[in-house]
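> Just dropping this structure here.
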2 protein chains.
Amino acid sequence: MRAPGQRAGLSRQAVVGAARAVLDDGSALTMRAVAGRLGVAPNALYSHVEGREGLLDAVLDDLLRALPFPDPSADPETGLVALMTASHELLLAHPGLVPHFVARQGARGENAQRLGNAMRELLARAGVDDDVAQNTAIRVLVVHAIGDAAVAGSPDTGPIGLDELRASYATGLRWLLAGALSAGEQKMRL
Amino acid sequence: MRAPGQRAGLSRQAVVGAARAVLDDGSALTMRAVAGRLGVAPNALYSHVEGREGLLDAVLDDLLRALPFPDPSADPETGLVALMTASHELLLAHPGLVPHFVARQGARGENAQRLGNAMRELLARAGVDDDVAQNTAIRVLVVHAIGDAAVAGSPDTGPIGLDELRASYATGLRWLLAGALSAGEQKMRL
DNA sequence: CAGCTTAGCTGAACAGCGTACAGTTTCCAA
DNA sequence: TTGGAAACTGTACGCTGTTCAGCTAAGCTG
């Protein structure tokens with residue numbers, strides 16, 4: 001352990017990393033669990049993170065940083081499929097985080113915004129240039145990804161396997177994109 | 001209060017009702033809150049409900065009971081729109097419950113099953129008769145409704161109003177139905 | 001280099017949570 | 001009428017997030 005006053009050399013990144021580690025081995029994200037993993041008293045975290053809520057936001061955004069953004073030369077529709085599938089896959093890989101993602105509507109962090117901007121740009125290049133059309137498309141696509149991952153991470157995924165899950169997500173994504181992009185095309189035709 | 005041994009005349013329905021009341025005035029659904037509203041010790045609820053989890057399931061299913069099922073003579077597509085819109089509206093009216101809905105993937109209660117069966121029947125009459133096609137369609141539609149309501153109930157609905165929210169839900173629903181039903185049509189054409 | 005400020009950390013504690021256990025009373029069936 | 005089950009209370013345990021006061025090491029200032 002450590003006497004009062006002794007420093008542990010923590011940092012915001014270290015705390016976020018420990019939180020991700022805790023979640024990744026299936027434990028619930030409690031302050032005490034994170035602190036324990038760092039060999040530190042629970043309240044020590046409050047020097048680096050604004051409470052549990054803030055820690056969650058940080059973890060969420062940290063996850064999104066890993067998203068591979070499609071190269072701008074490619075076809076925008078396949079780019080969208082790739083981006084959304086990667087997002088969905090990211091959520092599937094961290095089921096413990098999805099409920100918080102739901103509660104915080106995908107977070108508002110730096111990387112969440114990057115994702116939003118990338119989607120907006122791809123949509124624009126696919127012909128969806130209207131602002132509100134872009135927003136609905138983004139909302140609907142994000143909801144689909146998060147919602148699907150949420151029911152996937154549910155304790156009783158039951159008889160449905162992970163592969164069927166991916167398949168049904170892909171199908172829904174195809175339908176949504178068809179709708180969103182056809183609206184764009186219709187407008188271009190005018 | 002009440003001496004030990006004195007009965008309070010509780011029932012499963014009364015407990016579920018109190019739970020709904022607690023949620024409806026914005027408080028968190030805690031055993032103690034529900035018990036308090038019934039003038040009863042917290043652990044008294046365990047005689048009528050299988051813990052907090054079970055209570056949540058019961059409340060969820062109780063909500064779904066109110067769903068108006070479309071009359072069977074109407075067009076199946078408009079029936080589906082009506083059914084899904086009603087479900088979405090139900091969720092919007094009870095934002096406190098949505099997170100639990102997400103976590104329990106729409107519940108498995110009696111009325112949830114009724115909803116599933118109704119959707120399946122409408123899909124069949126709309127030409128989607130394949131079993132796995134029906135399942136994906138149902139999954140995707142339910143995810144859209146629950147997911148959308150979840151981000152709607154998020155604390156920071158932010159600049160987006162409830163009307164735009166309903167509009168974007170309707171748009172997404174239209175896209176999804178177009179996809180699902182066109183798949184059915186394609187099959188019928190063979 | 002000496003002194004002061006500040007930030008990082010500990011220990012203890014509080015309020016609230018779900019729930020298990022034991023005891024008391026009421027109800028119902030045989 | 002009597003026995004057993006069911007409904008309820010009181011108490012308590014272990015868990016949670018978070019706050020407060022105290023200690024000390026690090027860093028800045030003169």
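Ordering of the structure tokens sets the chain letters (A, B, ...), residue numbers begin anew at 1 in every chain, and ligands are numbered from 1 in the order given.
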Near chain D, which residues of chain B fall within 9 Å when you count only C-alpha atoms (C1' of nucleotides), and what do they look like as a PyMOL selection string?
chain B and resi 2-10+40-41+43-44+47
> Residues of chain C that approach chain A to 10 Å or less, counting only C-alpha atoms (C1' of nucleotides): could you list each one with the shortest pair of atoms and its distance in Å to one decimal, rows by chain and increasing residue number, as a Markdown table?

```
| residue | atom | partner | partner_atom | distance |
| --- | --- | --- | --- | --- |
| C:DA7 | C1' | A:Ser47 | CA | 8.6 |
| C:DG8 | C1' | A:Arg7 | CA | 5.9 |
| C:DC9 | C1' | A:Gly5 | CA | 5.2 |
| C:DT10 | C1' | A:Pro4 | CA | 4.3 |
| C:DG11 | C1' | A:Pro4 | CA | 8.3 |
```
> Go ahead and save the residues from that selection, with N, CA and C atoms (P, O5', C5', C4', C3', O3' and C1' of nucleotides), as a tab-separated table (two decimals), in the first residue's frame.

```
chain	number	residue	atom	x	y	z
C	7	DA	P	-3.25	23.41	-7.76
C	7	DA	O5'	-2.98	21.95	-8.32
C	7	DA	C5'	-1.65	21.57	-8.69
C	7	DA	C4'	-1.34	20.17	-8.20
C	7	DA	C3'	-2.51	19.18	-8.35
C	7	DA	O3'	-1.99	18.02	-8.96
C	7	DA	C1'	-1.68	19.09	-6.15
C	8	DG	P	-2.91	16.81	-9.36
C	8	DG	O5'	-2.44	15.67	-8.35
C	8	DG	C5'	-1.09	15.22	-8.41
C	8	DG	C4'	-0.87	14.15	-7.38
C	8	DG	C3'	-1.88	12.99	-7.43
C	8	DG	O3'	-1.18	11.78	-7.21
C	8	DG	C1'	-1.95	14.00	-5.29
C	9	DC	P	-1.89	10.42	-7.61
C	9	DC	O5'	-2.38	9.89	-6.18
C	9	DC	C5'	-1.43	9.37	-5.27
C	9	DC	C4'	-1.89	9.53	-3.85
C	9	DC	C3'	-3.07	8.66	-3.41
C	9	DC	O3'	-2.58	7.39	-2.98
C	9	DC	C1'	-2.98	10.84	-2.34
C	10	DT	P	-3.69	6.32	-2.44
C	10	DT	O5'	-3.82	6.73	-0.91
C	10	DT	C5'	-2.68	6.65	-0.06
C	10	DT	C4'	-3.09	6.91	1.39
C	10	DT	C3'	-4.15	5.94	1.92
C	10	DT	O3'	-3.76	5.48	3.21
C	10	DT	C1'	-4.92	8.20	2.13
C	11	DG	P	-4.45	4.16	3.81
C	11	DG	O5'	-5.47	4.80	4.86
C	11	DG	C5'	-5.05	5.93	5.63
C	11	DG	C4'	-6.17	6.34	6.55
C	11	DG	C3'	-7.19	5.26	6.87
C	11	DG	O3'	-7.52	5.33	8.27
C	11	DG	C1'	-8.29	7.10	5.84
```
> Using only C-alpha atoms and a distance of at most 8 Å, pull out the residues of chain A that contact chain B, as a PDB file with C-alpha atoms, in the first residue's frame.

```
ATOM      1  CA  PRO A  99     -25.463   0.693 -21.994  1.00  0.00           C
ATOM      2  CA  VAL A 102     -27.015   4.420 -25.007  1.00  0.00           C
ATOM      3  CA  ALA A 103     -27.552   6.583 -21.971  1.00  0.00           C
ATOM      4  CA  ARG A 104     -25.198   9.258 -23.259  1.00  0.00           C
ATOM      5  CA  GLN A 105     -26.397   9.048 -26.859  1.00  0.00           C
ATOM      6  CA  THR A 136     -31.702  12.469 -39.642  1.00  0.00           C
ATOM      7  CA  ALA A 137     -29.519  10.061 -41.560  1.00  0.00           C
ATOM      8  CA  ARG A 139     -29.225   9.927 -36.091  1.00  0.00           C
ATOM      9  CA  VAL A 140     -30.862   6.909 -37.644  1.00  0.00           C
ATOM     10  CA  VAL A 143     -29.226   4.627 -33.340  1.00  0.00           C
ATOM     11  CA  HIS A 144     -29.175   1.477 -35.396  1.00  0.00           C
ATOM     12  CA  ILE A 146     -25.857   1.448 -30.838  1.00  0.00           C
ATOM     13  CA  GLY A 147     -29.283  -0.104 -30.442  1.00  0.00           C
ATOM     14  CA  ASP A 148     -28.267  -3.273 -32.189  1.00  0.00           C
ATOM     15  CA  ALA A 150     -27.210  -2.991 -26.983  1.00  0.00           C
ATOM     16  CA  VAL A 151     -29.582  -5.870 -27.515  1.00  0.00           C
ATOM     17  CA  SER A 154     -27.974  -8.258 -23.433  1.00  0.00           C
ATOM     18  CA  PRO A 155     -27.351 -11.080 -20.960  1.00  0.00           C
ATOM     19  CA  SER A 168     -29.131  -8.666 -39.271  1.00  0.00           C
ATOM     20  CA  TYR A 169     -27.203  -5.499 -38.518  1.00  0.00           C
ATOM     21  CA  THR A 171     -29.234  -5.973 -43.499  1.00  0.00           C
ATOM     22  CA  GLY A 172     -30.699  -3.103 -41.523  1.00  0.00           C
ATOM     23  CA  TRP A 175     -31.969  -0.752 -45.877  1.00  0.00           C
ATOM     24  CA  LEU A 176     -31.247   2.485 -44.048  1.00  0.00           C
ATOM     25  CA  ALA A 178     -30.776   2.736 -49.430  1.00  0.00           C
ATOM     26  CA  GLY A 179     -33.411   5.021 -47.985  1.00  0.00           C
ATOM     27  CA  ALA A 180     -31.050   7.805 -47.044  1.00  0.00           C
TER      28      ALA A 180
END
```
> I need the helix (DSSP H, G or I) residues of range 41-119 of chain B per DSSP on the backbone, written as a ChimeraX atom specification.
/B:42-47,51-64,76-93,95-103,110-119
> Could you tell me how far CA of Leu122 in chain A sits from CA of Gly79 in chain A, in Å to one decimal place?
7.1 Å
> Taking only C-alpha atoms into account, which of A:Gln134, A:Ala112, A:Asn117, A:Gly51 comes nearest Arg65 in chain A?
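Ranking A:Gln134, A:Ala112, A:Asn117, A:Gly51 by distance to Arg65 in chain A, first place goes to A:Ala112.
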> Could you name the residues that touch Glu77 in chain A at 9 Å or less, counting only C-alpha atoms (C1' of nucleotides), but leaving out those on the same chain fewer than 2 positions away, as an mmCIF file with C-alpha atoms, in the first residue's frame?

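Output (selection38.cif):
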```cif
data_model
loop_
_atom_site.group_PDB
_atom_site.id
_atom_site.type_symbol
_atom_site.label_atom_id
_atom_site.label_comp_id
_atom_site.auth_asym_id
_atom_site.auth_seq_id
_atom_site.Cartn_x
_atom_site.Cartn_y
_atom_site.Cartn_z
ATOM 1 C CA ALA A 74 -13.187 5.590 -52.138
ATOM 2 C CA ASP A 75 -16.851 5.398 -53.019
ATOM 3 C CA GLY A 79 -17.162 4.165 -47.057
ATOM 4 C CA LEU A 80 -20.311 4.598 -45.016
ATOM 5 C CA VAL A 81 -20.857 0.876 -44.817
ATOM 6 C CA ALA A 82 -17.273 0.390 -43.661
ATOM 7 C CA LEU A 122 -19.548 10.876 -46.742
ATOM 8 C CA LEU A 123 -23.263 11.596 -46.909
ATOM 9 C CA ARG A 125 -20.448 13.169 -51.275
ATOM 10 C CA ALA A 126 -23.193 10.586 -51.741
ATOM 11 C CA LEU A 177 -28.547 3.520 -46.488
ATOM 12 C CA LEU A 181 -29.163 7.801 -50.334
#
```
> Report, in Å with one decimal, the straight-line distance from CA of Gln113 in chain B to CA of Leu67 in chain B.
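Computed distance, CA of Gln113 in chain B to CA of Leu67 in chain B, equals 12.1 Å.
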